[in-house]
Amino acid sequence: SRYLVSDMWRYSKTKQARYDSAEICNPADHPELISYAIDVARAVGVRYGAAHVELKAMEGDDGKCINPVMIEIGARLSGGRKTIMASEAIESWDPFTSLIHSHCGGSCRLPLDTTYFSPSKFARHIFLPIEKSGQVTNIQIDIASLTTLHSSAFTVHVGDLVSETSDIVSCAGFVWLVGENDQVDNDTSTVRASYSLQVVGQSMCKS
């Protein structure tokens, strides 16, 4: 079987162990991770379709990732909007059509020495946390001025009872950016500076 790495994402966390952002990487910068992920897919028998490998690794003194360890693998595309973002960041890449071709036993129609795609645009997924439990009284964020905005979504609204963010699904919302690296960085700063979620009292939510 032939394996092609379509997109790679690096997640960062805050000191509170909450997800902060995820950004697309160039697989060419991480050959050791590519090799490991392909070995994992082969080991569990993924032969057709997509393989979504999650792993963690340490950063060596030279900045290279070392000692990768599998977290999980699924025979599916990436979750959330990662696949949609990848199609925006990688020129001429249609992951959904390619998924169908693969399941039908078709080839990926690329030179045999192609192992991965290199994104032509930068993409970042920003997680918006809830800092403390209570009832939401106000939500503010500057979306209108963003030049690289792909999409955004809020999962909480004014009046909701919320608990402090502890994982991905307990965030207040998300912002997805695609564009030139510097522009995405500038828009990220705008999002961080303008985002505000105010709560009062204690949450009545039960875990």
# chains A, B, ... in the order shown; residues from 1 in each chain; ligands from 1

$ closest_atom_pairs --of "stretch 107-132 of chain A" --to "stretch 168-187 of chain A" --cutoff "10 Å" --atoms "only C-alpha atoms" --output "JSON lines"
{"residue": "A:Ser120", "atom": "CA", "partner": "A:Glu180", "partner_atom": "CA", "distance": 8.7}
{"residue": "A:Lys121", "atom": "CA", "partner": "A:Gly179", "partner_atom": "CA", "distance": 5.3}
{"residue": "A:Phe122", "atom": "CA", "partner": "A:Asn181", "partner_atom": "CA", "distance": 5.4}
{"residue": "A:Ala123", "atom": "CA", "partner": "A:Val178", "partner_atom": "CA", "distance": 4.4}
{"residue": "A:Arg124", "atom": "CA", "partner": "A:Leu177", "partner_atom": "CA", "distance": 5.3}
{"residue": "A:His125", "atom": "CA", "partner": "A:Trp176", "partner_atom": "CA", "distance": 4.6}
{"residue": "A:Ile126", "atom": "CA", "partner": "A:Val175", "partner_atom": "CA", "distance": 5.1}
{"residue": "A:Phe127", "atom": "CA", "partner": "A:Phe174", "partner_atom": "CA", "distance": 4.9}
{"residue": "A:Leu128", "atom": "CA", "partner": "A:Gly173", "partner_atom": "CA", "distance": 5.2}
{"residue": "A:Pro129", "atom": "CA", "partner": "A:Cys171", "partner_atom": "CA", "distance": 4.8}
{"residue": "A:Ile130", "atom": "CA", "partner": "A:Ala172", "partner_atom": "CA", "distance": 5.8}
{"residue": "A:Glu131", "atom": "CA", "partner": "A:Cys171", "partner_atom": "CA", "distance": 9.5}

$ write_last_selection --atoms "N, CA and C atoms" --output "compact mmCIF listing (two decimals), in the first residue's frame"
# COMPACT_ATOMS: atom_id res chain seq x y z
N SER A 120 0.57 25.64 0.99
CA SER A 120 0.94 26.91 0.36
C SER A 120 0.43 28.10 1.15
N LYS A 121 -0.45 27.83 2.13
CA LYS A 121 -0.96 28.86 3.02
C LYS A 121 -0.83 28.38 4.46
N PHE A 122 -0.88 29.32 5.38
CA PHE A 122 -0.79 28.99 6.80
C PHE A 122 -2.20 28.96 7.38
N ALA A 123 -2.44 28.03 8.27
CA ALA A 123 -3.77 27.89 8.88
C ALA A 123 -3.62 27.73 10.38
N ARG A 124 -4.52 28.35 11.12
CA ARG A 124 -4.49 28.25 12.58
C ARG A 124 -5.92 28.15 13.12
N HIS A 125 -6.08 27.26 14.08
CA HIS A 125 -7.34 27.06 14.79
C HIS A 125 -7.14 27.60 16.20
N ILE A 126 -7.91 28.63 16.57
CA ILE A 126 -7.77 29.27 17.88
C ILE A 126 -8.91 28.81 18.80
N PHE A 127 -8.55 28.38 20.00
CA PHE A 127 -9.52 27.96 21.00
C PHE A 127 -9.79 29.12 21.96
N LEU A 128 -11.05 29.40 22.22
CA LEU A 128 -11.43 30.50 23.11
C LEU A 128 -11.93 29.92 24.43
N PRO A 129 -11.19 30.13 25.50
CA PRO A 129 -11.51 29.47 26.76
C PRO A 129 -12.55 30.21 27.61
N ILE A 130 -13.14 29.47 28.53
CA ILE A 130 -13.96 30.04 29.60
C ILE A 130 -13.07 30.06 30.84
N GLU A 131 -12.77 31.24 31.36
CA GLU A 131 -11.79 31.36 32.42
C GLU A 131 -12.33 30.97 33.80

$ residues_around --residues "stretch 31-36 of chain A" --least-positions-apart "5" --cutoff "8 Å" --atoms "only C-alpha atoms" --output "ChimeraX atom specification"
/A:5,65-66,68

$ select_by_dssp --residues "stretch 1-205 of chain A" --states "helix (DSSP H, G or I)" --output "ChimeraX atom specification"
/A:27-29,31-44,82-89,95-103,168-170,181-194

$ atom_distance --atom1 "atom CA of A:Pro95" --atom2 "atom CA of A:Thr155"
26.7 Å

$ closest_residue --among "A:Ser6, A:Ser12, A:Ser133, A:Ser107" --to "A:Ile84" --atoms "only C-alpha atoms"
A:Ser6

$ select_by_dssp --residues "stretch 87-158 of chain A" --states "strand (DSSP E or B)" --output "PyMOL selection string"
chain A and resi 116+122-128+134-140+149-154

$ residues_around --residues "A:Val199" --least-positions-apart "5" --cutoff "6 Å" --atoms "only C-alpha atoms" --output "list in words"
Gly134, Gln135, Val136 and Thr137 of chain A

$ write_last_selection --atoms "N, CA, C and O atoms" --output "PDB file, in the first residue's frame"
ATOM      1  N   GLY A 134     -19.747  30.190  35.886  1.00  0.00           N
ATOM      2  CA  GLY A 134     -20.775  31.168  36.219  1.00  0.00           C
ATOM      3  C   GLY A 134     -21.793  31.307  35.104  1.00  0.00           C
ATOM      4  O   GLY A 134     -21.881  30.459  34.213  1.00  0.00           O
ATOM      5  N   GLN A 135     -22.548  32.385  35.147  1.00  0.00           N
ATOM      6  CA  GLN A 135     -23.525  32.669  34.102  1.00  0.00           C
ATOM      7  C   GLN A 135     -22.973  33.744  33.184  1.00  0.00           C
ATOM      8  O   GLN A 135     -22.519  34.798  33.637  1.00  0.00           O
ATOM      9  N   VAL A 136     -23.014  33.484  31.880  1.00  0.00           N
ATOM     10  CA  VAL A 136     -22.442  34.412  30.898  1.00  0.00           C
ATOM     11  C   VAL A 136     -23.288  35.673  30.813  1.00  0.00           C
ATOM     12  O   VAL A 136     -24.506  35.616  30.598  1.00  0.00           O
ATOM     13  N   THR A 137     -22.641  36.833  30.992  1.00  0.00           N
ATOM     14  CA  THR A 137     -23.336  38.120  30.902  1.00  0.00           C
ATOM     15  C   THR A 137     -22.930  38.918  29.673  1.00  0.00           C
ATOM     16  O   THR A 137     -23.674  39.786  29.231  1.00  0.00           O
TER      17      THR A 137
END

$ closest_residue --among "A:Leu99, A:Ser166, A:Tyr195, A:Arg2" --to "A:Ala17" --atoms "only C-alpha atoms"
A:Ser166

$ atom_distance --atom1 "atom CA of A:Ser151" --atom2 "atom CA of A:Val200"
28.6 Å

$ residues_around --residues "stretch 70-78 of chain A" --least-positions-apart "3" --cutoff "6 Å" --atoms "only C-alpha atoms" --output "list in words"
Ala50, Ala51, His52, Val53, Glu54, Leu55, Lys82 and Thr83 of chain A

$ atom_distance --atom1 "atom CA of A:Ile141" --atom2 "atom CA of A:Trp9"
24.9 Å

$ decode --residues "stretch 1-18 of chain A" --atoms "N, CA and C atoms" --output "mmCIF file, in the first residue's frame"
data_model
loop_
_atom_site.group_PDB
_atom_site.id
_atom_site.type_symbol
_atom_site.label_atom_id
_atom_site.label_comp_id
_atom_site.auth_asym_id
_atom_site.auth_seq_id
_atom_site.Cartn_x
_atom_site.Cartn_y
_atom_site.Cartn_z
ATOM 1 N N SER A 1 0.838 -1.196 0.000
ATOM 2 C CA SER A 1 0.000 0.000 0.000
ATOM 3 C C SER A 1 0.873 1.246 0.000
ATOM 4 N N ARG A 2 0.351 2.299 -0.605
ATOM 5 C CA ARG A 2 1.059 3.573 -0.642
ATOM 6 C C ARG A 2 0.421 4.537 0.342
ATOM 7 N N TYR A 3 1.255 5.253 1.097
ATOM 8 C CA TYR A 3 0.759 6.202 2.088
ATOM 9 C C TYR A 3 1.192 7.616 1.719
ATOM 10 N N LEU A 4 0.244 8.544 1.799
ATOM 11 C CA LEU A 4 0.495 9.947 1.491
ATOM 12 C C LEU A 4 0.058 10.794 2.676
ATOM 13 N N VAL A 5 0.966 11.595 3.223
ATOM 14 C CA VAL A 5 0.634 12.481 4.336
ATOM 15 C C VAL A 5 0.049 13.767 3.758
ATOM 16 N N SER A 6 -1.224 14.008 4.024
ATOM 17 C CA SER A 6 -1.897 15.169 3.445
ATOM 18 C C SER A 6 -1.692 16.420 4.288
ATOM 19 N N ASP A 7 -1.842 16.310 5.610
ATOM 20 C CA ASP A 7 -1.701 17.496 6.449
ATOM 21 C C ASP A 7 -1.255 17.097 7.854
ATOM 22 N N MET A 8 -0.529 17.996 8.483
ATOM 23 C CA MET A 8 0.005 17.779 9.820
ATOM 24 C C MET A 8 -0.296 19.017 10.670
ATOM 25 N N TRP A 9 -0.756 18.789 11.900
ATOM 26 C CA TRP A 9 -1.144 19.888 12.785
ATOM 27 C C TRP A 9 -0.412 19.786 14.120
ATOM 28 N N ARG A 10 0.023 20.932 14.600
ATOM 29 C CA ARG A 10 0.696 20.987 15.902
ATOM 30 C C ARG A 10 -0.194 21.737 16.890
ATOM 31 N N TYR A 11 -0.506 21.077 17.993
ATOM 32 C CA TYR A 11 -1.347 21.674 19.037
ATOM 33 C C TYR A 11 -0.470 22.265 20.140
ATOM 34 N N SER A 12 -0.886 23.399 20.660
ATOM 35 C CA SER A 12 -0.208 23.983 21.810
ATOM 36 C C SER A 12 -1.205 24.145 22.949
ATOM 37 N N LYS A 13 -0.689 24.054 24.177
ATOM 38 C CA LYS A 13 -1.538 24.159 25.360
ATOM 39 C C LYS A 13 -1.045 25.283 26.267
ATOM 40 N N THR A 14 -1.942 25.749 27.130
ATOM 41 C CA THR A 14 -1.603 26.780 28.096
ATOM 42 C C THR A 14 -1.041 26.137 29.361
ATOM 43 N N LYS A 15 -0.638 26.969 30.315
ATOM 44 C CA LYS A 15 -0.137 26.456 31.594
ATOM 45 C C LYS A 15 -1.228 25.714 32.361
ATOM 46 N N GLN A 16 -2.486 26.021 32.036
ATOM 47 C CA GLN A 16 -3.604 25.333 32.683
ATOM 48 C C GLN A 16 -3.958 24.022 31.967
ATOM 49 N N ALA A 17 -3.094 23.609 31.017
ATOM 50 C CA ALA A 17 -3.290 22.375 30.257
ATOM 51 C C ALA A 17 -4.517 22.440 29.358
ATOM 52 N N ARG A 18 -4.930 23.667 29.006
ATOM 53 C CA ARG A 18 -6.041 23.824 28.072
ATOM 54 C C ARG A 18 -5.482 24.027 26.669
#
